[in-house]
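Data first, discussion second: the structure below is written as C-alpha cells.
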Amino acid sequence: MYRLTSKICNGTTTTCGSRLTTHILSTRQYASATAAKTITNNKNVEDQDPLVNHATQNSSFDYEGVIENEVLKKRQDKSYRFFNNINRLAKEYPMAHRQSEADKVTVWCSNDYLALSKQPEVMDAMKRAIDKYGAGAGGTRNIAGHNILTMKLEAELAALHKKEGALVFSSCFVANDAVFSLFGQKIKDMIIFSDELNHASMIIGMKHSNLKKHIFKHNNLEELESMLKQYPKSTPKMIAFESVYSMAGSVADINKICDLAEKYGAMTFLDEVHAVGLYGPHGAGVAEHVDFEAHRKAGIASPSIKDNNGHKLALDRIDIITGTLGKSFGTVGGYVAANKHIIDFLRSYAPGFIFTTSLPPAVMAAASEAIRFQRGNIDLRTAQQKHTTYLKNGLQELGVPVVPNPSHIVPILIGNADLAKQASDMLMEKHKIYVQAINFPTVARGTERLRVTPTPGHTDELSDVMLDAMEDVFTELQLPRVNDWEAQGGFLGVGDPNAVREPNLWTETQLKYTNADLNPNVKSPVIQQLEVSSGIKE
C-alpha cells in the first residue's frame with residue numbers, strides 16, 4: 001500500500017478527500033491504460049468554459065452549444081453518468097442479467113431493500129388487479145375518479161404510521177415538492193429550517209415555496225435551536241429533516257427535534273423514504289422504532305402515553321411524514337401521512353396531486369400487499385440488519401473505509417469520481433458484482449463512494465464473495481484504506497480517532513424477535529377506508 005505523506009492534506013476537511021485521492025492518482029502507476037488521468041492543476045472545471053457567444057442580430061442563440069457545453073463539464077469532472085443495463089430476476093434475486101441473459105451479476109446496490117418486488121404474494125396481487133382492472137388508472141382522481149384499491153392503499157399507509165389520513169402521489173419527489181410548495185403558497189411568512197443533507201426533492205420543494213429558509217449543519221441541533229430562537233414563537237415555522245440519510249446512513253434524533261419544535265412553535269416534516277419497511281417492529285420507520293416496545297406490544301393499534309412509560313410517542317409528535325412505495329415496498333409511488341386536515345388540505349390544493357394521473361390499479365394493489373406482508377414479517381427486517389452487520393464487520397477487517405453510521409447503509413469511501421467509476425467497473429467486469437458509483441451532485445465532490453445495500457437475500461456466503469472482490473479492487477486500484485485516511489487526520493468519520501461511533505438502531509434484543517413475537521392483530525387486519533381519501537362531508 002502506498003504510504004502517504006502528511007503534507008498533502010493541511011487544509012479543511014472538505015478538501016481532504018480530493019487531495020488524498022489526487023495525491024495517489026498523481027504518484028502511482030495505473031492498473032490499465034484506461035485508468036484515471038493525473039490531475040494537473042487545481043483550476044475548477046467551471047472555469048474551463050470553451051463556449052464562445054457568437055450571437056448577433058442576424059443569428060439565433062446557440063442552444064446546442066450551451067447544452068453540449070454543460071454535458072462536457074460533466075465529462076471533464078468525471079461525474080458524467082452511464083446507466084448500466086441491469087435486469088433483476090424475479091426468481092433469482094439478488095441476481096440480474098445484463099444485455100445478454102447469460103451474463104449474470106449480483107446486485108448489491110438496489111433500494112428494493114426487502115426484495116418485496118419479487119415476493120410472490122406481491123406479484124400475485126399485481127397480476128390479479130391488472131386482470132380485473134386493466135393497465136392504467138384512466139386519468140386524475142378528480143376526472144377519472146379513484147377506486148377501491150386507492151382507498152385501500154391510503155388506509156394501509158395511514159394505519160402503518162398511525163395517522164388519520166394518507167395521500168398517494170406519483171412519487172415521493174412529487175409529494176415532497178407538493179407539501180413545501182403548498183405551504184409556501186398559503187402561509188407566505190412561514191420559515192423553513194432544513195438539514196443541510198436533505199434530499200433534492202425537499203430542496204426543490206423549498207425553492208418552489210419561495211419561503212425564507214435556514215439551513216443547519218447536518219444533525220446539529222444546537223445550531224438549529226440558535227436559528228429557531230431568532231423568531232417569536234408565533235412566527236410560522238417548519239423543521240424539515242429525514243430519518244435515515246441515504247448516502248451517509250446517518251440518523252436524525254427525532255425526539256430532540258420534536259422537543260425543539262414544541263418549544264419554538266414549529267411544525268415537523270419527516271422524510272422516512274429510506275426507513276419505511278426497515279425500522280420499527282412493523283416497518284413504519286424510525287419514528288416507530290424509537291418507541292419500539294410500545295408499538296410491538298400494541299400491534300396495529302395506537303399505544304397510549306401510559307404504554308410508553310409516560311413519554312409521548314414520536315409518531316404522534318411528527319406533523320407530516322412522507323415516504324415511498326418504490327424502495328422497501330417494492331413498487332412505485334410516494335405518499336404523505338398526517339392528520340386528516342393536512343391531508344384534505346393537500347388533496348384540495350396541491351397541483352402535484354390534482355393534475356397528475358393516478359398510479360395504475362395494479363401498482364396500488366401490489367403496494368398494499370407489500371405493506372401488509374412486511375408489517376407481520378419482522379424476520380425480513382432482522383435478516384437485513386444481520387447481513388448488513390456481517391458485511392460491515394468484514395470490510396472493517398480488510399481496512400476498507402466505510403463511513404460509520406447506525407443504519408443499513410454501507411457507504412464505502414473512495415473520495416474521487418474517476419476512481420469510484422473504475423472501482424464500480426472492475427467489480428462488474430471482473431467479479432460480476434453490480435455496485436453503482438455515487439458522485440456529484442448526489443454527494444459532494446471529494447466524497448465519492450460506493451453505496452452498498454444488503455437485503456435479506458444477501459447471505460453470508462454472498463457477502464464473502466463481495467469481501468474478496470472488494471479486497472481485490474482496493475489492492476489493484478491502490479485505493480486509500482482506513483489507515484491512509486487516518487494518517488491524514490480522518491475524513492467523514494473514517495480514520496478519525498475523535499469520531500463518536502453510534503450504536504446500531506437495532507439492539508441485540510430487538511434483533512432476536514421473530515414474527516411470533518408480534519401482536520397477532522397485525523396478521524390480516526381489517527382496515528376501514530378513510531373518508532378523507534374521497535372528501536370529508538360536512
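Convention: chains lettered A, B, ... in C-alpha cells order; per-chain residue numbering from 1; ligands numbered from 1 as shown.
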
Point to revise | Residue set, stretch 157-231 of chain A restricted to helix (DSSP H, G or I), as number ranges by chain | key: A: 157-161, 172-186, 200-209, 221-228

Go ahead and dump the residues you just picked, N, CA and C atoms, as a CSV table (one decimal), in the first residue's frame.
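The resulting file, result-v4.csv, is reproduced below:
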```csv
chain,number,residue,atom,x,y,z
A,157,LEU,N,-51.6,2.9,4.5
A,157,LEU,CA,-50.5,3.8,4.9
A,157,LEU,C,-50.8,4.6,6.1
A,158,ALA,N,-52.0,5.0,6.3
A,158,ALA,CA,-52.4,5.7,7.5
A,158,ALA,C,-52.3,4.8,8.7
A,159,ALA,N,-52.7,3.6,8.6
A,159,ALA,CA,-52.6,2.6,9.7
A,159,ALA,C,-51.2,2.3,10.0
A,160,LEU,N,-50.3,2.2,9.0
A,160,LEU,CA,-48.9,1.9,9.2
A,160,LEU,C,-48.3,3.0,10.1
A,161,HIS,N,-48.5,4.3,9.8
A,161,HIS,CA,-47.9,5.4,10.5
A,161,HIS,C,-48.8,5.9,11.6
A,172,CYS,N,-42.4,10.1,-4.3
A,172,CYS,CA,-42.2,10.9,-3.1
A,172,CYS,C,-41.5,12.2,-3.5
A,173,PHE,N,-40.8,12.3,-4.6
A,173,PHE,CA,-40.2,13.6,-5.1
A,173,PHE,C,-41.4,14.5,-5.3
A,174,VAL,N,-42.4,14.1,-5.9
A,174,VAL,CA,-43.6,14.9,-6.2
A,174,VAL,C,-44.3,15.3,-4.9
A,175,ALA,N,-44.4,14.3,-4.0
A,175,ALA,CA,-45.1,14.5,-2.7
A,175,ALA,C,-44.3,15.6,-1.9
A,176,ASN,N,-43.0,15.5,-1.8
A,176,ASN,CA,-42.2,16.4,-1.0
A,176,ASN,C,-42.3,17.8,-1.6
A,177,ASP,N,-42.2,17.9,-2.9
A,177,ASP,CA,-42.3,19.2,-3.6
A,177,ASP,C,-43.7,19.8,-3.3
A,178,ALA,N,-44.8,18.9,-3.4
A,178,ALA,CA,-46.1,19.4,-3.2
A,178,ALA,C,-46.3,20.0,-1.8
A,179,VAL,N,-45.8,19.4,-0.8
A,179,VAL,CA,-46.0,19.9,0.6
A,179,VAL,C,-45.4,21.2,0.7
A,180,PHE,N,-44.1,21.4,0.4
A,180,PHE,CA,-43.4,22.7,0.6
A,180,PHE,C,-44.0,23.8,-0.3
A,181,SER,N,-44.3,23.4,-1.5
A,181,SER,CA,-44.9,24.4,-2.4
A,181,SER,C,-46.2,25.0,-1.9
A,182,LEU,N,-47.0,24.1,-1.4
A,182,LEU,CA,-48.4,24.5,-1.0
A,182,LEU,C,-48.3,25.3,0.3
A,183,PHE,N,-47.5,24.9,1.2
A,183,PHE,CA,-47.3,25.7,2.4
A,183,PHE,C,-46.8,27.1,2.1
A,184,GLY,N,-45.9,27.2,1.2
A,184,GLY,CA,-45.3,28.5,0.7
A,184,GLY,C,-46.4,29.3,0.1
A,185,GLN,N,-47.3,28.7,-0.6
A,185,GLN,CA,-48.4,29.4,-1.3
A,185,GLN,C,-49.4,30.0,-0.3
A,186,LYS,N,-49.7,29.2,0.8
A,186,LYS,CA,-50.8,29.5,1.7
A,186,LYS,C,-50.3,30.2,3.0
A,200,ALA,N,-32.8,16.1,-2.5
A,200,ALA,CA,-33.1,17.1,-3.6
A,200,ALA,C,-34.5,17.4,-3.7
A,201,SER,N,-35.4,16.4,-3.5
A,201,SER,CA,-36.8,16.6,-3.6
A,201,SER,C,-37.3,17.7,-2.6
A,202,MET,N,-36.7,17.6,-1.4
A,202,MET,CA,-37.1,18.6,-0.4
A,202,MET,C,-36.5,20.0,-0.7
A,203,ILE,N,-35.3,20.0,-1.2
A,203,ILE,CA,-34.7,21.2,-1.6
A,203,ILE,C,-35.4,21.9,-2.7
A,204,ILE,N,-35.8,21.2,-3.7
A,204,ILE,CA,-36.5,21.7,-4.8
A,204,ILE,C,-37.9,22.3,-4.3
A,205,GLY,N,-38.5,21.5,-3.5
A,205,GLY,CA,-39.8,22.0,-2.9
A,205,GLY,C,-39.7,23.2,-2.1
A,206,MET,N,-38.6,23.4,-1.4
A,206,MET,CA,-38.4,24.6,-0.6
A,206,MET,C,-38.1,25.8,-1.6
A,207,LYS,N,-37.4,25.5,-2.7
A,207,LYS,CA,-37.2,26.6,-3.6
A,207,LYS,C,-38.6,27.0,-4.3
A,208,HIS,N,-39.4,26.1,-4.6
A,208,HIS,CA,-40.7,26.4,-5.2
A,208,HIS,C,-41.6,27.1,-4.2
A,209,SER,N,-41.4,26.9,-2.9
A,209,SER,CA,-42.2,27.5,-1.9
A,209,SER,C,-42.0,29.0,-1.8
A,221,LEU,N,-28.2,20.0,16.3
A,221,LEU,CA,-29.4,20.6,16.9
A,221,LEU,C,-29.1,21.9,17.7
A,222,GLU,N,-27.9,22.0,18.1
A,222,GLU,CA,-27.5,23.3,18.8
A,222,GLU,C,-27.7,24.5,17.8
A,223,GLU,N,-27.2,24.2,16.6
A,223,GLU,CA,-27.3,25.3,15.6
A,223,GLU,C,-28.7,25.5,15.2
A,224,LEU,N,-29.5,24.4,15.1
A,224,LEU,CA,-30.9,24.5,14.8
A,224,LEU,C,-31.6,25.4,15.8
A,225,GLU,N,-31.3,25.1,17.1
A,225,GLU,CA,-32.0,25.9,18.1
A,225,GLU,C,-31.6,27.4,18.0
A,226,SER,N,-30.3,27.7,17.7
A,226,SER,CA,-29.9,29.0,17.6
A,226,SER,C,-30.6,29.8,16.5
A,227,MET,N,-31.0,29.1,15.5
A,227,MET,CA,-31.8,29.7,14.4
A,227,MET,C,-33.2,29.9,14.8
A,228,LEU,N,-33.8,28.9,15.5
A,228,LEU,CA,-35.2,28.9,15.9
A,228,LEU,C,-35.5,30.1,16.8
```

Review point. Can you tell me, as a PyMOL selection string, what residues are no more than 9 Å from A:Ser79 when counting only C-alpha atoms, ignoring any on the same chain fewer than 2 positions away?
Key: chain A and resi 73-77+81+417-418+421+438-441

Keeping only C-alpha atoms, write the selected residues as a compact mmCIF listing (two decimals), in the first residue's frame.
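Below you can see selection-v7.txt, which holds the result:
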```
# COMPACT_ATOMS: atom_id res chain seq x y z
CA LYS A 73 -18.50 19.78 -17.91
CA LYS A 74 -19.88 16.53 -16.54
CA ARG A 75 -17.37 14.56 -18.58
CA GLN A 76 -14.47 16.78 -17.51
CA ASP A 77 -15.16 16.47 -13.79
CA ARG A 81 -23.26 9.12 -15.67
CA ALA A 417 -15.16 10.38 -9.07
CA ASP A 418 -12.84 8.70 -11.59
CA LYS A 421 -16.17 4.70 -11.52
CA ILE A 438 -22.05 7.68 -6.34
CA ASN A 439 -20.69 11.07 -7.33
CA PHE A 440 -21.63 14.75 -7.61
CA PRO A 441 -24.31 16.10 -7.34
```

Practice item. Could you tell me, as a list in words, which residues of stretch 208-309 of chain A DSSP assigns to strand (DSSP E) when given the backbone? Key: Lys212, Lys213, His214, Ile215, Phe216, Lys237, Met238, Ile239, Ala240, Phe241, Glu242, Ala266, Met267, Thr268, Phe269, Leu270 and Asp271 of chain A

Those selected residues, please, written with C-alpha atoms and delivered as a short mmCIF file (atom, residue, chain, number, x, y, z; two decimals), in the first residue's frame.
```
data_model
loop_
_atom_site.label_atom_id
_atom_site.label_comp_id
_atom_site.auth_asym_id
_atom_site.auth_seq_id
_atom_site.Cartn_x
_atom_site.Cartn_y
_atom_site.Cartn_z
CA LYS A 212 -37.35 32.08 3.77
CA LYS A 213 -35.19 29.21 4.95
CA HIS A 214 -32.32 28.48 7.29
CA ILE A 215 -30.01 25.54 6.62
CA PHE A 216 -28.44 23.98 9.70
CA LYS A 237 -42.09 27.59 11.12
CA MET A 238 -41.39 24.14 9.75
CA ILE A 239 -38.42 21.92 10.62
CA ALA A 240 -37.64 19.64 7.66
CA PHE A 241 -35.45 16.58 8.08
CA GLU A 242 -35.02 12.92 7.18
CA ALA A 266 -42.72 24.78 14.66
CA MET A 267 -44.33 22.09 12.54
CA THR A 268 -42.28 18.98 11.80
CA PHE A 269 -41.76 17.41 8.39
CA LEU A 270 -40.11 13.98 8.38
CA ASP A 271 -39.00 12.13 5.24
#
```

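Between atom CA of A:Gly394 and atom CA of A:Lys78 lies a distance of 29.6 Å.
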
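Closest approach to A:Ala367 among A:His458, A:Lys327, A:His431, A:Lys523: A:Lys327, based on only C-alpha atoms.
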
Point to revise | Neighbour list for stretch 304-317 of chain A as a list of chain:residue names, cut-off 7 Å, only C-alpha atoms, skip fewer than 5 positions in-chain | key: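 Answer for this query is A:His161, A:Asn255, A:Cys258, A:Ala287, A:Glu288, A:Asp291, A:Ala294.
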
Exercise for review: Rank A:Gly490, A:Pro94, A:Gly249, A:Pro361 by their smallest atom-to-atom distance to A:Ile409, using only C-alpha atoms, and report the top residue only.
Suggested key: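 Closest residue, counting only C-alpha atoms: A:Gly249.
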
Contacts of A:Gly280 at 12 Å or less, counting only C-alpha atoms, minus same-chain residues fewer than 2 places along, as a PDB file with C-alpha atoms, in the first residue's frame?
```pdb
ATOM      1  CA  LEU A 160     -48.902   1.942   9.237  1.00  0.00           C
ATOM      2  CA  HIS A 161     -47.924   5.402  10.501  1.00  0.00           C
ATOM      3  CA  GLU A 272     -38.935   8.391   6.057  1.00  0.00           C
ATOM      4  CA  ALA A 275     -36.538   3.913   6.688  1.00  0.00           C
ATOM      5  CA  VAL A 276     -40.020   2.563   5.973  1.00  0.00           C
ATOM      6  CA  GLY A 277     -40.014  -1.208   5.861  1.00  0.00           C
ATOM      7  CA  LEU A 278     -36.680  -1.386   7.674  1.00  0.00           C
ATOM      8  CA  HIS A 282     -43.917  -3.141  11.773  1.00  0.00           C
ATOM      9  CA  GLY A 283     -41.748  -1.238   9.297  1.00  0.00           C
ATOM     10  CA  ALA A 284     -43.212   2.224   9.873  1.00  0.00           C
ATOM     11  CA  GLY A 285     -39.739   3.776  10.054  1.00  0.00           C
ATOM     12  CA  VAL A 286     -37.500   5.346  12.661  1.00  0.00           C
ATOM     13  CA  ALA A 287     -40.370   7.305  14.245  1.00  0.00           C
ATOM     14  CA  GLU A 288     -41.885   3.928  15.171  1.00  0.00           C
ATOM     15  CA  HIS A 289     -38.525   2.397  16.033  1.00  0.00           C
ATOM     16  CA  VAL A 290     -37.689   4.895  18.800  1.00  0.00           C
ATOM     17  CA  ASP A 291     -40.751   3.607  20.710  1.00  0.00           C
ATOM     18  CA  PHE A 292     -40.171   0.022  19.635  1.00  0.00           C
ATOM     19  CA  GLU A 293     -41.616  -1.891  22.587  1.00  0.00           C
ATOM     20  CA  ALA A 294     -44.777   0.170  22.902  1.00  0.00           C
ATOM     21  CA  HIS A 295     -45.596  -0.364  19.231  1.00  0.00           C
ATOM     22  CA  ARG A 296     -44.602  -4.039  19.240  1.00  0.00           C
ATOM     23  CA  LYS A 297     -46.999  -4.766  22.073  1.00  0.00           C
ATOM     24  CA  GLY A 299     -49.514  -4.017  17.129  1.00  0.00           C
ATOM     25  CA  ALA A 314     -42.631  10.052  18.257  1.00  0.00           C
ATOM     26  CA  LEU A 315     -45.215   9.103  15.619  1.00  0.00           C
ATOM     27  CA  GLN A 374     -43.928  -6.745   5.721  1.00  0.00           C
ATOM     28  CA  ARG A 375     -45.956  -5.487   8.702  1.00  0.00           C
ATOM     29  CA  GLY A 376     -46.211  -9.011  10.066  1.00  0.00           C
ATOM     30  CA  ASN A 377     -42.740 -10.169   8.984  1.00  0.00           C
ATOM     31  CA  ILE A 378     -40.178  -8.689  11.324  1.00  0.00           C
ATOM     32  CA  ASP A 379     -37.900 -11.528  10.181  1.00  0.00           C
ATOM     33  CA  LEU A 380     -37.270  -9.581   6.966  1.00  0.00           C
ATOM     34  CA  ARG A 381     -36.004  -6.579   8.894  1.00  0.00           C
ATOM     35  CA  THR A 382     -33.805  -8.539  11.284  1.00  0.00           C
ATOM     36  CA  LEU A 505     -30.543   1.411  15.706  1.00  0.00           C
ATOM     37  CA  TRP A 506     -31.472  -2.249  16.105  1.00  0.00           C
ATOM     38  CA  THR A 507     -30.417  -3.509  19.516  1.00  0.00           C
ATOM     39  CA  GLN A 510     -34.700  -6.359  19.049  1.00  0.00           C
ATOM     40  CA  LEU A 511     -32.767  -8.500  16.578  1.00  0.00           C
ATOM     41  CA  TYR A 513     -37.540 -11.024  17.868  1.00  0.00           C
ATOM     42  CA  LEU A 518     -45.570  -9.542  17.206  1.00  0.00           C
TER      43      LEU A 518
END
```

**Study point:** Contact residues around A:Ser534 with only C-alpha atoms at 12 Å, ignoring same-chain residues under 2 positions, as a ChimeraX atom specification
**Key:** /A:141-142,145-148,150-152,154-155,165-167,340,343-344,347-348,529-532,536-537

Those selected residues, please, written with N, CA, C and O atoms and delivered as a tab-separated table (two decimals), in the first residue's frame.
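Output file out_39.tsv is given in full below:
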```
chain	number	residue	atom	x	y	z
A	141	ARG	N	-57.53	11.65	-10.33
A	141	ARG	CA	-58.61	11.20	-9.45
A	141	ARG	C	-59.83	12.11	-9.56
A	141	ARG	O	-60.97	11.67	-9.39
A	142	ASN	N	-59.59	13.37	-9.86
A	142	ASN	CA	-60.70	14.32	-9.97
A	142	ASN	C	-61.57	14.02	-11.19
A	142	ASN	O	-62.79	14.08	-11.13
A	145	GLY	N	-61.96	9.68	-11.41
A	145	GLY	CA	-62.39	9.06	-10.16
A	145	GLY	C	-61.27	8.19	-9.59
A	145	GLY	O	-60.31	7.86	-10.27
A	146	HIS	N	-61.39	7.86	-8.32
A	146	HIS	CA	-60.43	6.90	-7.79
A	146	HIS	C	-61.14	5.57	-7.61
A	146	HIS	O	-62.22	5.36	-8.17
A	147	ASN	N	-60.53	4.66	-6.90
A	147	ASN	CA	-61.09	3.31	-6.88
A	147	ASN	C	-60.84	2.65	-5.53
A	147	ASN	O	-60.19	3.21	-4.64
A	148	ILE	N	-61.36	1.47	-5.39
A	148	ILE	CA	-61.23	0.72	-4.14
A	148	ILE	C	-59.77	0.51	-3.77
A	148	ILE	O	-59.39	0.60	-2.60
A	150	THR	N	-57.18	2.41	-4.48
A	150	THR	CA	-56.61	3.66	-3.96
A	150	THR	C	-56.97	3.84	-2.49
A	150	THR	O	-56.11	4.14	-1.65
A	151	MET	N	-58.24	3.66	-2.19
A	151	MET	CA	-58.69	3.87	-0.81
A	151	MET	C	-58.07	2.84	0.13
A	151	MET	O	-57.72	3.16	1.27
A	152	LYS	N	-57.91	1.62	-0.35
A	152	LYS	CA	-57.29	0.60	0.48
A	152	LYS	C	-55.83	0.94	0.76
A	152	LYS	O	-55.36	0.82	1.91
A	154	GLU	N	-54.34	3.92	0.76
A	154	GLU	CA	-54.21	5.06	1.67
A	154	GLU	C	-54.59	4.70	3.10
A	154	GLU	O	-54.00	5.20	4.06
A	155	ALA	N	-55.55	3.80	3.24
A	155	ALA	CA	-55.89	3.33	4.58
A	155	ALA	C	-54.76	2.51	5.19
A	155	ALA	O	-54.47	2.63	6.39
A	165	GLY	N	-54.85	10.10	8.21
A	165	GLY	CA	-55.03	10.03	6.77
A	165	GLY	C	-53.72	9.88	6.03
A	165	GLY	O	-52.63	10.03	6.60
A	166	ALA	N	-53.83	9.56	4.74
A	166	ALA	CA	-52.66	9.47	3.87
A	166	ALA	C	-53.11	9.81	2.46
A	166	ALA	O	-54.28	9.65	2.10
A	167	LEU	N	-52.19	10.29	1.66
A	167	LEU	CA	-52.47	10.66	0.27
A	167	LEU	C	-51.35	10.14	-0.61
A	167	LEU	O	-50.17	10.39	-0.32
A	340	LYS	N	-56.07	14.33	9.34
A	340	LYS	CA	-57.00	14.42	8.22
A	340	LYS	C	-57.11	15.82	7.64
A	340	LYS	O	-57.41	15.99	6.45
A	343	ILE	N	-54.15	16.31	5.25
A	343	ILE	CA	-54.37	15.50	4.05
A	343	ILE	C	-55.44	16.13	3.17
A	343	ILE	O	-55.29	16.21	1.94
A	344	ASP	N	-56.52	16.61	3.76
A	344	ASP	CA	-57.57	17.24	2.97
A	344	ASP	C	-57.07	18.53	2.33
A	344	ASP	O	-57.46	18.87	1.19
A	347	ARG	N	-55.00	17.39	-0.62
A	347	ARG	CA	-55.90	16.82	-1.63
A	347	ARG	C	-56.64	17.92	-2.38
A	347	ARG	O	-56.91	17.80	-3.59
A	348	SER	N	-56.93	19.01	-1.70
A	348	SER	CA	-57.74	20.08	-2.28
A	348	SER	C	-56.93	21.10	-3.07
A	348	SER	O	-57.47	21.74	-3.98
A	529	GLN	N	-61.80	2.00	5.23
A	529	GLN	CA	-61.47	3.08	4.30
A	529	GLN	C	-61.58	4.42	5.01
A	529	GLN	O	-62.33	4.58	5.97
A	530	LEU	N	-60.80	5.40	4.51
A	530	LEU	CA	-60.75	6.71	5.13
A	530	LEU	C	-61.65	7.69	4.38
A	530	LEU	O	-61.59	7.79	3.15
A	531	GLU	N	-62.45	8.40	5.12
A	531	GLU	CA	-63.33	9.39	4.48
A	531	GLU	C	-62.52	10.44	3.72
A	531	GLU	O	-62.90	10.87	2.63
A	532	VAL	N	-61.39	10.84	4.29
A	532	VAL	CA	-60.61	11.93	3.68
A	532	VAL	C	-60.07	11.54	2.31
A	532	VAL	O	-59.77	12.41	1.49
A	536	ILE	N	-64.14	14.95	2.80
A	536	ILE	CA	-64.84	14.96	4.08
A	536	ILE	C	-66.19	15.64	3.92
A	536	ILE	O	-66.28	16.80	3.48
A	537	LYS	N	-67.25	14.94	4.28
A	537	LYS	CA	-68.59	15.51	4.20
A	537	LYS	C	-68.85	16.42	5.38
A	537	LYS	O	-68.46	16.15	6.51
```

Report as CSV the residues of stretch 69-186 of chain A within 12 Å of stretch 466-486 of chain A, each with its shortest atom pair and distance in Å (one decimal), using only C-alpha atoms, ordered by chain and increasing residue number.
```
residue,atom,partner,partner_atom,distance
A:Val105,CA,A:Met466,CA,11.6
A:Thr106,CA,A:Met466,CA,9.3
A:Val107,CA,A:Met466,CA,10.6
A:Trp108,CA,A:Met466,CA,8.9
```

Keeping only all heavy atoms, write the selected residues to a file as a compact mmCIF listing (two decimals), in the first residue's frame.
```txt
# COMPACT_ATOMS: atom_id res chain seq x y z
N VAL A 105 -25.10 -11.00 -13.00
CA VAL A 105 -24.34 -10.32 -11.95
C VAL A 105 -25.17 -10.35 -10.66
O VAL A 105 -26.38 -10.56 -10.68
CB VAL A 105 -24.04 -8.86 -12.32
CG1 VAL A 105 -23.17 -8.78 -13.57
CG2 VAL A 105 -25.33 -8.06 -12.53
N THR A 106 -24.48 -10.13 -9.53
CA THR A 106 -25.16 -10.00 -8.24
C THR A 106 -25.35 -8.53 -7.94
O THR A 106 -24.40 -7.75 -7.97
CB THR A 106 -24.34 -10.65 -7.12
OG1 THR A 106 -24.04 -12.00 -7.47
CG2 THR A 106 -25.13 -10.64 -5.81
N VAL A 107 -26.59 -8.14 -7.67
CA VAL A 107 -26.91 -6.73 -7.40
C VAL A 107 -26.70 -6.44 -5.92
O VAL A 107 -27.28 -7.10 -5.05
CB VAL A 107 -28.36 -6.43 -7.80
CG1 VAL A 107 -28.72 -4.98 -7.46
CG2 VAL A 107 -28.57 -6.70 -9.29
N TRP A 108 -25.88 -5.41 -5.65
CA TRP A 108 -25.58 -5.04 -4.27
C TRP A 108 -25.95 -3.59 -3.96
O TRP A 108 -25.56 -3.06 -2.92
CB TRP A 108 -24.09 -5.23 -3.97
CG TRP A 108 -23.72 -6.62 -3.56
CD1 TRP A 108 -23.30 -7.64 -4.36
CD2 TRP A 108 -23.73 -7.15 -2.23
NE1 TRP A 108 -23.05 -8.77 -3.62
CE2 TRP A 108 -23.30 -8.50 -2.30
CE3 TRP A 108 -24.06 -6.63 -0.99
CZ2 TRP A 108 -23.19 -9.31 -1.17
CZ3 TRP A 108 -23.95 -7.44 0.14
CH2 TRP A 108 -23.51 -8.76 0.03
```

Exercise for review: Mind giving me the straight-line distance from atom CA of A:Val526 to atom CA of A:His274 in Å, one decimal?
Suggested key: 27.0 Å

**Study point:** Selection near A:Val500, 12 Å with only C-alpha atoms, sequence-local residues under 5 positions removed, as a list in words
**Key:**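 After dropping sequence-adjacent residues, the list is Pro404, Asn405, Pro406, Leu492, Gly493, Val494 and Gly495 of chain A.
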